[in-house]
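Student: Enclosed is the structure file structure.txt (compact mmCIF, C-alpha atoms).
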# COMPACT_ATOMS: atom_id res chain seq x y z
CA ALA H 247 -13.25 -108.12 -81.66
CA GLN H 248 -14.40 -104.98 -83.35
CA SER H 249 -15.99 -102.13 -81.43
CA VAL H 250 -17.04 -98.53 -81.77
CA ALA H 251 -17.15 -95.87 -79.08
CA GLN H 252 -18.97 -92.58 -79.12
CA PRO H 253 -17.80 -90.92 -75.91
CA GLU H 254 -20.51 -88.25 -75.75
CA ASP H 255 -24.15 -89.09 -75.09
CA GLN H 256 -25.15 -85.59 -76.14
CA VAL H 257 -23.58 -82.68 -77.97
CA ASN H 258 -25.07 -79.20 -77.74
CA VAL H 259 -24.21 -76.46 -80.20
CA ALA H 260 -25.67 -73.14 -81.23
CA GLU H 261 -27.03 -72.75 -84.72
CA GLY H 262 -24.35 -71.46 -87.08
CA ASN H 263 -21.49 -72.83 -85.00
CA PRO H 264 -19.31 -75.73 -86.11
CA LEU H 265 -20.12 -79.15 -84.70
CA THR H 266 -18.11 -82.28 -84.00
CA VAL H 267 -19.45 -85.67 -83.00
CA LYS H 268 -16.69 -88.00 -81.88
CA CYS H 269 -16.11 -91.64 -82.77
CA THR H 270 -13.27 -94.05 -82.13
CA TYR H 271 -13.06 -97.63 -83.32
CA SER H 272 -11.24 -100.91 -82.93
CA VAL H 273 -11.14 -103.46 -85.75
CA SER H 274 -8.91 -106.11 -87.27
CA GLY H 275 -7.63 -105.21 -90.69
CA ASN H 276 -8.63 -102.13 -92.59
CA PRO H 277 -11.78 -100.47 -91.31
CA TYR H 278 -14.86 -99.56 -93.26
CA LEU H 279 -16.39 -96.64 -91.36
CA PHE H 280 -19.87 -95.15 -91.61
CA TRP H 281 -22.01 -92.41 -90.10
CA TYR H 282 -25.78 -92.66 -89.91
CA VAL H 283 -28.42 -90.26 -88.63
CA GLN H 284 -31.72 -91.22 -87.02
CA TYR H 285 -34.65 -88.83 -86.73
CA PRO H 286 -37.47 -89.60 -84.26
CA ASN H 287 -39.59 -92.61 -85.22
CA ARG H 288 -37.54 -93.23 -88.36
CA GLY H 289 -34.94 -95.67 -89.53
CA LEU H 290 -31.27 -94.83 -89.86
CA GLN H 291 -30.16 -92.81 -92.87
CA PHE H 292 -26.70 -93.13 -94.35
CA LEU H 293 -24.59 -89.94 -94.21
CA LEU H 294 -21.12 -90.89 -95.37
CA LYS H 295 -18.48 -93.59 -95.40
CA TYR H 296 -14.73 -94.07 -95.41
CA ILE H 297 -13.35 -97.05 -97.31
CA THR H 298 -9.99 -95.90 -98.61
CA GLY H 299 -8.35 -92.83 -100.10
CA ASP H 300 -8.61 -89.27 -98.79
CA ASN H 301 -8.91 -89.04 -95.05
CA LEU H 302 -11.54 -86.30 -95.32
CA VAL H 303 -14.82 -87.68 -96.53
CA LYS H 304 -17.74 -85.50 -97.58
CA GLY H 305 -21.31 -86.70 -97.25
CA SER H 306 -24.95 -85.67 -97.24
CA TYR H 307 -26.39 -82.43 -95.83
CA GLY H 308 -22.98 -80.72 -95.60
CA PHE H 309 -21.51 -83.25 -93.19
CA GLU H 310 -17.95 -84.50 -93.43
CA ALA H 311 -15.78 -86.82 -91.42
CA GLU H 312 -12.05 -87.17 -90.92
CA PHE H 313 -10.41 -90.58 -90.74
CA ASN H 314 -7.37 -90.65 -88.48
CA LYS H 315 -5.63 -94.00 -88.53
CA SER H 316 -3.12 -93.27 -85.78
CA GLN H 317 -5.85 -92.16 -83.39
CA THR H 318 -8.35 -94.76 -84.71
CA SER H 319 -10.93 -92.01 -84.95
CA PHE H 320 -13.60 -90.99 -87.43
CA HIS H 321 -15.15 -87.78 -86.10
CA LEU H 322 -18.19 -86.27 -87.80
CA LYS H 323 -18.08 -82.56 -88.51
CA LYS H 324 -20.09 -79.75 -90.03
CA PRO H 325 -18.86 -76.16 -90.41
CA SER H 326 -22.20 -74.54 -89.59
CA ALA H 327 -24.93 -76.37 -87.67
CA LEU H 328 -28.64 -76.08 -88.43
CA VAL H 329 -31.51 -76.61 -86.01
CA SER H 330 -32.74 -79.30 -88.40
CA ASP H 331 -29.49 -81.25 -87.79
CA SER H 332 -30.79 -82.11 -84.33
CA ALA H 333 -31.03 -85.91 -84.29
CA LEU H 334 -29.34 -89.09 -83.08
CA TYR H 335 -26.06 -89.89 -84.81
CA PHE H 336 -24.45 -93.30 -85.03
CA CYS H 337 -20.93 -94.22 -86.00
CA ALA H 338 -20.44 -97.77 -87.31
CA VAL H 339 -17.56 -99.97 -88.39
CA ARG H 340 -17.05 -103.09 -90.44
CA GLY H 341 -13.78 -104.94 -90.71
CA SER H 342 -12.69 -105.68 -94.26
CA SER H 343 -11.86 -109.26 -93.37
CA ASN H 344 -15.05 -110.36 -91.67
CA THR H 345 -18.49 -111.41 -92.86
CA GLY H 346 -19.61 -107.82 -93.14
CA LYS H 347 -21.14 -107.43 -89.69
CA LEU H 348 -21.75 -103.72 -89.07
CA ILE H 349 -21.17 -102.73 -85.45
CA PHE H 350 -22.73 -99.50 -84.18
CA GLY H 351 -21.62 -97.12 -81.50
CA GLN H 352 -24.05 -96.22 -78.75
CA GLY H 353 -25.20 -93.06 -80.50
CA THR H 354 -24.81 -89.34 -79.79
CA THR H 355 -27.75 -86.99 -79.59
CA LEU H 356 -27.01 -83.71 -81.32
CA GLN H 357 -29.02 -80.74 -80.10
CA VAL H 358 -28.70 -77.56 -82.14
CA LYS H 359 -30.26 -74.54 -80.47
CA PRO H 360 -31.41 -71.42 -82.33
CA ASP K 127 -41.63 -95.60 -103.36
CA THR K 128 -40.30 -97.15 -100.16
CA ALA K 129 -37.00 -98.97 -100.55
CA VAL K 130 -37.13 -101.07 -97.37
CA SER K 131 -40.59 -101.53 -95.91
CA GLN K 132 -41.57 -103.22 -92.68
CA THR K 133 -44.97 -104.23 -91.40
CA PRO K 134 -46.49 -103.62 -89.00
CA LYS K 135 -45.18 -100.26 -87.80
CA TYR K 136 -46.52 -100.87 -84.30
CA LEU K 137 -47.18 -104.18 -82.59
CA VAL K 138 -48.68 -104.47 -79.12
CA THR K 139 -49.15 -107.95 -77.73
CA GLN K 140 -49.23 -109.95 -74.53
CA MET K 141 -46.56 -112.14 -73.05
CA GLY K 142 -46.53 -115.65 -74.40
CA ASN K 143 -47.97 -114.79 -77.78
CA ASP K 144 -46.29 -115.51 -81.12
CA LYS K 145 -45.89 -112.68 -83.64
CA SER K 146 -44.23 -111.97 -86.97
CA ILE K 147 -42.70 -108.89 -88.55
CA LYS K 148 -42.36 -108.71 -92.31
CA CYS K 149 -39.72 -106.92 -94.36
CA GLU K 150 -39.42 -106.34 -98.07
CA GLN K 151 -36.83 -104.45 -100.10
CA ASN K 152 -37.16 -103.34 -103.71
CA LEU K 153 -33.53 -102.31 -104.16
CA GLY K 154 -32.36 -105.57 -105.66
CA HIS K 155 -29.95 -106.08 -102.78
CA ASP K 156 -28.49 -109.49 -101.98
CA THR K 157 -28.13 -109.07 -98.23
CA MET K 158 -30.75 -108.36 -95.57
CA TYR K 159 -30.51 -107.84 -91.83
CA TRP K 160 -32.48 -107.59 -88.62
CA TYR K 161 -31.33 -105.17 -85.94
CA LYS K 162 -32.80 -104.59 -82.49
CA GLN K 163 -32.80 -101.13 -80.93
CA ASP K 164 -33.41 -101.13 -77.20
CA SER K 165 -34.85 -98.42 -74.99
CA LYS K 166 -31.42 -96.78 -74.69
CA LYS K 167 -31.24 -96.57 -78.50
CA PHE K 168 -28.45 -99.14 -78.65
CA LEU K 169 -28.45 -101.04 -81.96
CA LYS K 170 -27.49 -104.68 -82.09
CA ILE K 171 -27.43 -106.98 -85.08
CA MET K 172 -29.53 -110.13 -84.80
CA PHE K 173 -29.40 -111.87 -88.15
CA SER K 174 -28.17 -111.45 -91.69
CA TYR K 175 -29.10 -113.32 -94.85
CA ASN K 176 -27.29 -113.28 -98.16
CA ASN K 177 -29.29 -114.62 -101.10
CA LYS K 178 -31.63 -116.46 -98.72
CA GLU K 179 -28.73 -118.03 -96.82
CA LEU K 180 -28.14 -117.25 -93.15
CA ILE K 181 -24.67 -115.71 -92.72
CA ILE K 182 -24.87 -113.95 -89.37
CA ASN K 183 -26.66 -115.34 -86.34
CA GLU K 184 -25.80 -113.44 -83.20
CA THR K 185 -26.51 -114.66 -79.70
CA VAL K 186 -30.26 -114.44 -80.00
CA PRO K 187 -32.76 -116.66 -78.13
CA ASN K 188 -34.04 -119.44 -80.36
CA ARG K 189 -37.53 -118.01 -79.87
CA PHE K 190 -36.49 -115.68 -82.69
CA SER K 191 -36.54 -117.30 -86.11
CA PRO K 192 -35.80 -115.43 -89.32
CA LYS K 193 -37.13 -116.66 -92.63
CA SER K 194 -36.13 -115.53 -96.10
CA PRO K 195 -38.46 -116.89 -98.78
CA ASP K 196 -36.53 -114.97 -101.46
CA LYS K 197 -33.77 -112.41 -101.46
CA ALA K 198 -36.25 -109.49 -101.40
CA HIS K 199 -37.93 -110.63 -98.19
CA LEU K 200 -36.74 -111.31 -94.67
CA ASN K 201 -39.34 -111.99 -92.02
CA LEU K 202 -38.86 -112.32 -88.28
CA HIS K 203 -41.00 -114.66 -86.22
CA ILE K 204 -40.94 -114.48 -82.45
CA ASN K 205 -42.38 -117.23 -80.25
CA SER K 206 -43.44 -116.97 -76.63
CA LEU K 207 -42.92 -113.24 -76.39
CA GLU K 208 -41.37 -111.84 -73.20
CA LEU K 209 -41.39 -108.37 -71.68
CA GLY K 210 -37.71 -107.97 -72.55
CA ASP K 211 -38.49 -108.37 -76.24
CA SER K 212 -40.04 -104.91 -76.23
CA ALA K 213 -37.90 -102.83 -78.58
CA VAL K 214 -37.79 -101.35 -82.04
CA TYR K 215 -36.81 -103.88 -84.69
CA PHE K 216 -35.18 -102.60 -87.86
CA CYS K 217 -34.83 -104.40 -91.14
CA ALA K 218 -32.03 -103.33 -93.46
CA SER K 219 -30.51 -104.35 -96.77
CA SER K 220 -27.25 -103.85 -98.65
CA PRO K 221 -25.88 -104.85 -102.04
CA GLY K 222 -23.57 -107.31 -100.35
CA PRO K 223 -19.99 -106.12 -100.23
CA SER K 224 -18.88 -104.99 -96.81
CA ASN K 225 -18.07 -101.46 -98.01
CA SER K 226 -21.67 -100.76 -99.00
CA PRO K 227 -23.95 -98.81 -96.67
CA LEU K 228 -27.08 -100.36 -95.25
CA HIS K 229 -30.53 -99.10 -96.16
CA PHE K 230 -32.91 -99.24 -93.21
CA GLY K 231 -36.64 -99.58 -92.91
CA ASN K 232 -38.54 -97.30 -90.53
CA GLY K 233 -38.76 -99.90 -87.81
CA THR K 234 -41.40 -101.91 -85.98
CA ARG K 235 -42.06 -100.88 -82.41
CA LEU K 236 -42.89 -104.02 -80.46
CA THR K 237 -44.49 -103.62 -77.04
CA VAL K 238 -45.03 -106.71 -74.94
CA THR K 239 -47.42 -106.30 -71.99
The structure in this file should be written as structure tokens.

Tutor:
Amino acid sequence: AQSVAQPEDQVNVAEGNPLTVKCTYSVSGNPYLFWYVQYPNRGLQFLLKYITGDNLVKGSYGFEAEFNKSQTSFHLKKPSALVSDSALYFCAVRGSSNTGKLIFGQGTTLQVKP
Amino acid sequence: DTAVSQTPKYLVTQMGNDKSIKCEQNLGHDTMYWYKQDSKKFLKIMFSYNNKELIINETVPNRFSPKSPDKAHLNLHINSLELGDSAVYFCASSPGPSNSPLHFGNGTRLTVT
């Protein structure tokens, strides 16, 4: 069975500092990995995805994520955090061999303080 | 020009009532989904339709019945509402292939009293 874990309920960083939001996954076959962001009272917005190719994936709003197959991780990163990055972040995985069911992690709240 | 739109945005109702949530997408996508987000923000897939055909049906009480009149619409009907049904329900769509991201609506906050 596929699963996603986000080990931190909340991550706090100061504005201007680098940020990392962690994600590990378990899936049969090759993983399709995604990051989404949710602002209050809004739906989820797609940030970036890893399908194949380079392990470092660049996405929207300056975010990037690094796929690490040996550690089964897909951590979200940004070199310099903004207060406006404060939101709820979800990692998600689909197995390439299944019906396309997207499984979400439990979410990590990112708080960027001025 | 909303890509995935859900109505209503808020729904407050009493236990035992029957209610529906509507979803429409104008992206030309083949696949649509319903997700439930509980009070702890955990997201769980409920249903998925591909070209009006049900392809994913998670362990959901049969009081929940999705209906897809065409591939641009996926509605969710809930019978005999219970307190535990209170949540935010998100509709989403995707082009189809499993490597495509989902596009989400802004959610319907259902409160059952």

Student: Could you name the residues that touch Ser306 (chain H) at 10 Å or less, counting all atoms listed in the file, but leaving out those on the same chain fewer than 5 positions away, as a list in words?

Tutor: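 Using all atoms listed in the file, the neighbours found are Gln291, Phe292, Leu293 and Leu294 of chain H.
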
Student: Listing only residues of chain K within 7 Å of chain H, what is the closest atom pair and its distance in Å (to one decimal) for each, using all atoms listed in the file, sorted by chain and residue number ascending, as a Markdown table?

Tutor:
| residue | atom | partner | partner_atom | distance |
| --- | --- | --- | --- | --- |
| K:Phe168 | CA | H:Gln352 | CA | 5.3 |
| K:Leu169 | CA | H:Phe350 | CA | 6.3 |
| K:Ser224 | CA | H:Gly346 | CA | 4.7 |
| K:Asn225 | CA | H:Tyr278 | CA | 6.0 |
| K:Pro227 | CA | H:Phe292 | CA | 6.7 |
| K:Phe230 | CA | H:Gly289 | CA | 5.5 |
| K:Gly231 | CA | H:Gly289 | CA | 5.4 |
| K:Asn232 | CA | H:Gly289 | CA | 4.1 |
| K:Gly233 | CA | H:Gly289 | CA | 6.0 |

Student: Residues within 6 Å of region 254-267 of chain H, please, as an MDAnalysis selection string. Count all atoms listed in the file; anything in the same chain fewer than 6 positions from it doesn't count.

Tutor: chainID H and resid 321:328 354:360

Student: Using all atoms listed in the file, pick whichever of K:Met172, K:Glu208, K:Tyr136, K:Ser219 has the shortest atom-to-atom distance to Thr239 (chain K).

Tutor: K:Glu208

Student: One decimal, Å: what's the distance from CA of Arg189 (chain K) over to CA of Gly142 (chain K), could you say?

Tutor: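 Those two atoms sit 10.8 Å apart.
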
Student: Enter the distance from CA of Arg235 (chain K) to CA of Gln252 (chain H), in Å, rounded to one decimal.

Tutor: 24.8 Å

Student: What lies within 7 Å of Ile204 (chain K) using all atoms listed in the file, ignoring chain neighbours under 3 positions off, as a list in words?

Tutor: Asp144, Lys145, Ser146, Arg189, Phe190, Ser191 and Leu207 of chain K

Student: Just to confirm, what's the straight-line distance from CA of Ile181 (chain K) to CA of Tyr159 (chain K) in Å (one decimal)?

Tutor: 9.8 Å

Student: K:Ser226, K:Val238, K:Ala213, K:Pro187: which is nearest Tyr161 (chain K), counting all atoms listed in the file?

Tutor: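 Of K:Ser226, K:Val238, K:Ala213, K:Pro187, the one nearest Tyr161 (chain K), counting all atoms listed in the file, is K:Ala213.
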
Student: Return as JSON the box centre and box size in Å, one decimal, for an axis-aligned box around all listed atoms of region 146-161 of chain K padded by 8 Å per side.

Tutor:
{"center_x": -36.2, "center_y": -107.1, "center_z": -95.8, "size_x": 32.1, "size_y": 25.7, "size_z": 35.7}

Student: For Glu150 (chain K), list every protein, DNA or RNA residue within 12 Å, evaluated using all atoms listed in the file, and leave out those in the same chain fewer than 5 positions away; present the list as a ChimeraX atom specification.

Tutor: /K:128-134,155,157-160,193-202,216-219,229-232

Student: Residues of the last selection are to be written out with C-alpha atoms, as a PDB file, in the frame of the given file.

Tutor:
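Dumped to again.pdb:
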ATOM      1  CA  THR K 128     -40.300 -97.150-100.160  1.00  0.00           C
ATOM      2  CA  ALA K 129     -37.000 -98.970-100.550  1.00  0.00           C
ATOM      3  CA  VAL K 130     -37.130-101.070 -97.370  1.00  0.00           C
ATOM      4  CA  SER K 131     -40.590-101.530 -95.910  1.00  0.00           C
ATOM      5  CA  GLN K 132     -41.570-103.220 -92.680  1.00  0.00           C
ATOM      6  CA  THR K 133     -44.970-104.230 -91.400  1.00  0.00           C
ATOM      7  CA  PRO K 134     -46.490-103.620 -89.000  1.00  0.00           C
ATOM      8  CA  HIS K 155     -29.950-106.080-102.780  1.00  0.00           C
ATOM      9  CA  THR K 157     -28.130-109.070 -98.230  1.00  0.00           C
ATOM     10  CA  MET K 158     -30.750-108.360 -95.570  1.00  0.00           C
ATOM     11  CA  TYR K 159     -30.510-107.840 -91.830  1.00  0.00           C
ATOM     12  CA  TRP K 160     -32.480-107.590 -88.620  1.00  0.00           C
ATOM     13  CA  LYS K 193     -37.130-116.660 -92.630  1.00  0.00           C
ATOM     14  CA  SER K 194     -36.130-115.530 -96.100  1.00  0.00           C
ATOM     15  CA  PRO K 195     -38.460-116.890 -98.780  1.00  0.00           C
ATOM     16  CA  ASP K 196     -36.530-114.970-101.460  1.00  0.00           C
ATOM     17  CA  LYS K 197     -33.770-112.410-101.460  1.00  0.00           C
ATOM     18  CA  ALA K 198     -36.250-109.490-101.400  1.00  0.00           C
ATOM     19  CA  HIS K 199     -37.930-110.630 -98.190  1.00  0.00           C
ATOM     20  CA  LEU K 200     -36.740-111.310 -94.670  1.00  0.00           C
ATOM     21  CA  ASN K 201     -39.340-111.990 -92.020  1.00  0.00           C
ATOM     22  CA  LEU K 202     -38.860-112.320 -88.280  1.00  0.00           C
ATOM     23  CA  PHE K 216     -35.180-102.600 -87.860  1.00  0.00           C
ATOM     24  CA  CYS K 217     -34.830-104.400 -91.140  1.00  0.00           C
ATOM     25  CA  ALA K 218     -32.030-103.330 -93.460  1.00  0.00           C
ATOM     26  CA  SER K 219     -30.510-104.350 -96.770  1.00  0.00           C
ATOM     27  CA  HIS K 229     -30.530 -99.100 -96.160  1.00  0.00           C
ATOM     28  CA  PHE K 230     -32.910 -99.240 -93.210  1.00  0.00           C
ATOM     29  CA  GLY K 231     -36.640 -99.580 -92.910  1.00  0.00           C
ATOM     30  CA  ASN K 232     -38.540 -97.300 -90.530  1.00  0.00           C
TER      31      ASN K 232
END

Student: Point out the residue among H:Ser330, H:Cys337, H:Asn314, H:Leu302 with the least atom-to-atom distance to Lys268 (chain H), counting only C-alpha atoms.

Tutor: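 Checking each of H:Ser330, H:Cys337, H:Asn314, H:Leu302 against Lys268 (chain H), counting only C-alpha atoms, the winner is H:Cys337.
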
Student: Between H:Phe313, H:Tyr285, H:Tyr271, H:Tyr335, which residue has the minimum interatomic distance to Ala251 (chain H), considering all atoms listed in the file?

Tutor: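 When distances to Ala251 (chain H) are compared using all atoms listed in the file, the smallest one comes from H:Tyr271.
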
Student: Select, counting all atoms listed in the file, all protein, DNA and RNA residues no farther than 8 Å from (-38.0, -104.7, -76.2) in file coordinates, and express the selection as a list in words.

Tutor: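 The residues near that point, listed by chain and number, are Gln163, Asp164, Ser165, Leu209, Gly210, Asp211, Ser212, Ala213, Val214, Leu236, Thr237 and Val238 of chain K.
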
Student: Mind dumping the selected residues with C-alpha atoms as a short mmCIF file (atom, residue, chain, number, x, y, z; two decimals), keeping the file's coordinate frame?

Tutor:
data_model
loop_
_atom_site.label_atom_id
_atom_site.label_comp_id
_atom_site.auth_asym_id
_atom_site.auth_seq_id
_atom_site.Cartn_x
_atom_site.Cartn_y
_atom_site.Cartn_z
CA GLN K 163 -32.80 -101.13 -80.93
CA ASP K 164 -33.41 -101.13 -77.20
CA SER K 165 -34.85 -98.42 -74.99
CA LEU K 209 -41.39 -108.37 -71.68
CA GLY K 210 -37.71 -107.97 -72.55
CA ASP K 211 -38.49 -108.37 -76.24
CA SER K 212 -40.04 -104.91 -76.23
CA ALA K 213 -37.90 -102.83 -78.58
CA VAL K 214 -37.79 -101.35 -82.04
CA LEU K 236 -42.89 -104.02 -80.46
CA THR K 237 -44.49 -103.62 -77.04
CA VAL K 238 -45.03 -106.71 -74.94
#

Student: Measuring between only C-alpha atoms, which one of K:Lys162, K:Gln140, K:Lys167, K:His203 shows the shortest distance to Glu184 (chain K)?

Tutor: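 Of K:Lys162, K:Gln140, K:Lys167, K:His203, the one nearest Glu184 (chain K), counting only C-alpha atoms, is K:Lys162.
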
Student: For each of K:Asp156, K:Lys148, K:Lys166, K:Asn143, take the minimum atom-to-atom distance to Glu179 (chain K), counting all atoms listed in the file, then give the residue where this is smallest.

Tutor: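 Using all atoms listed in the file, the shortest distance to Glu179 (chain K) belongs to K:Asp156.
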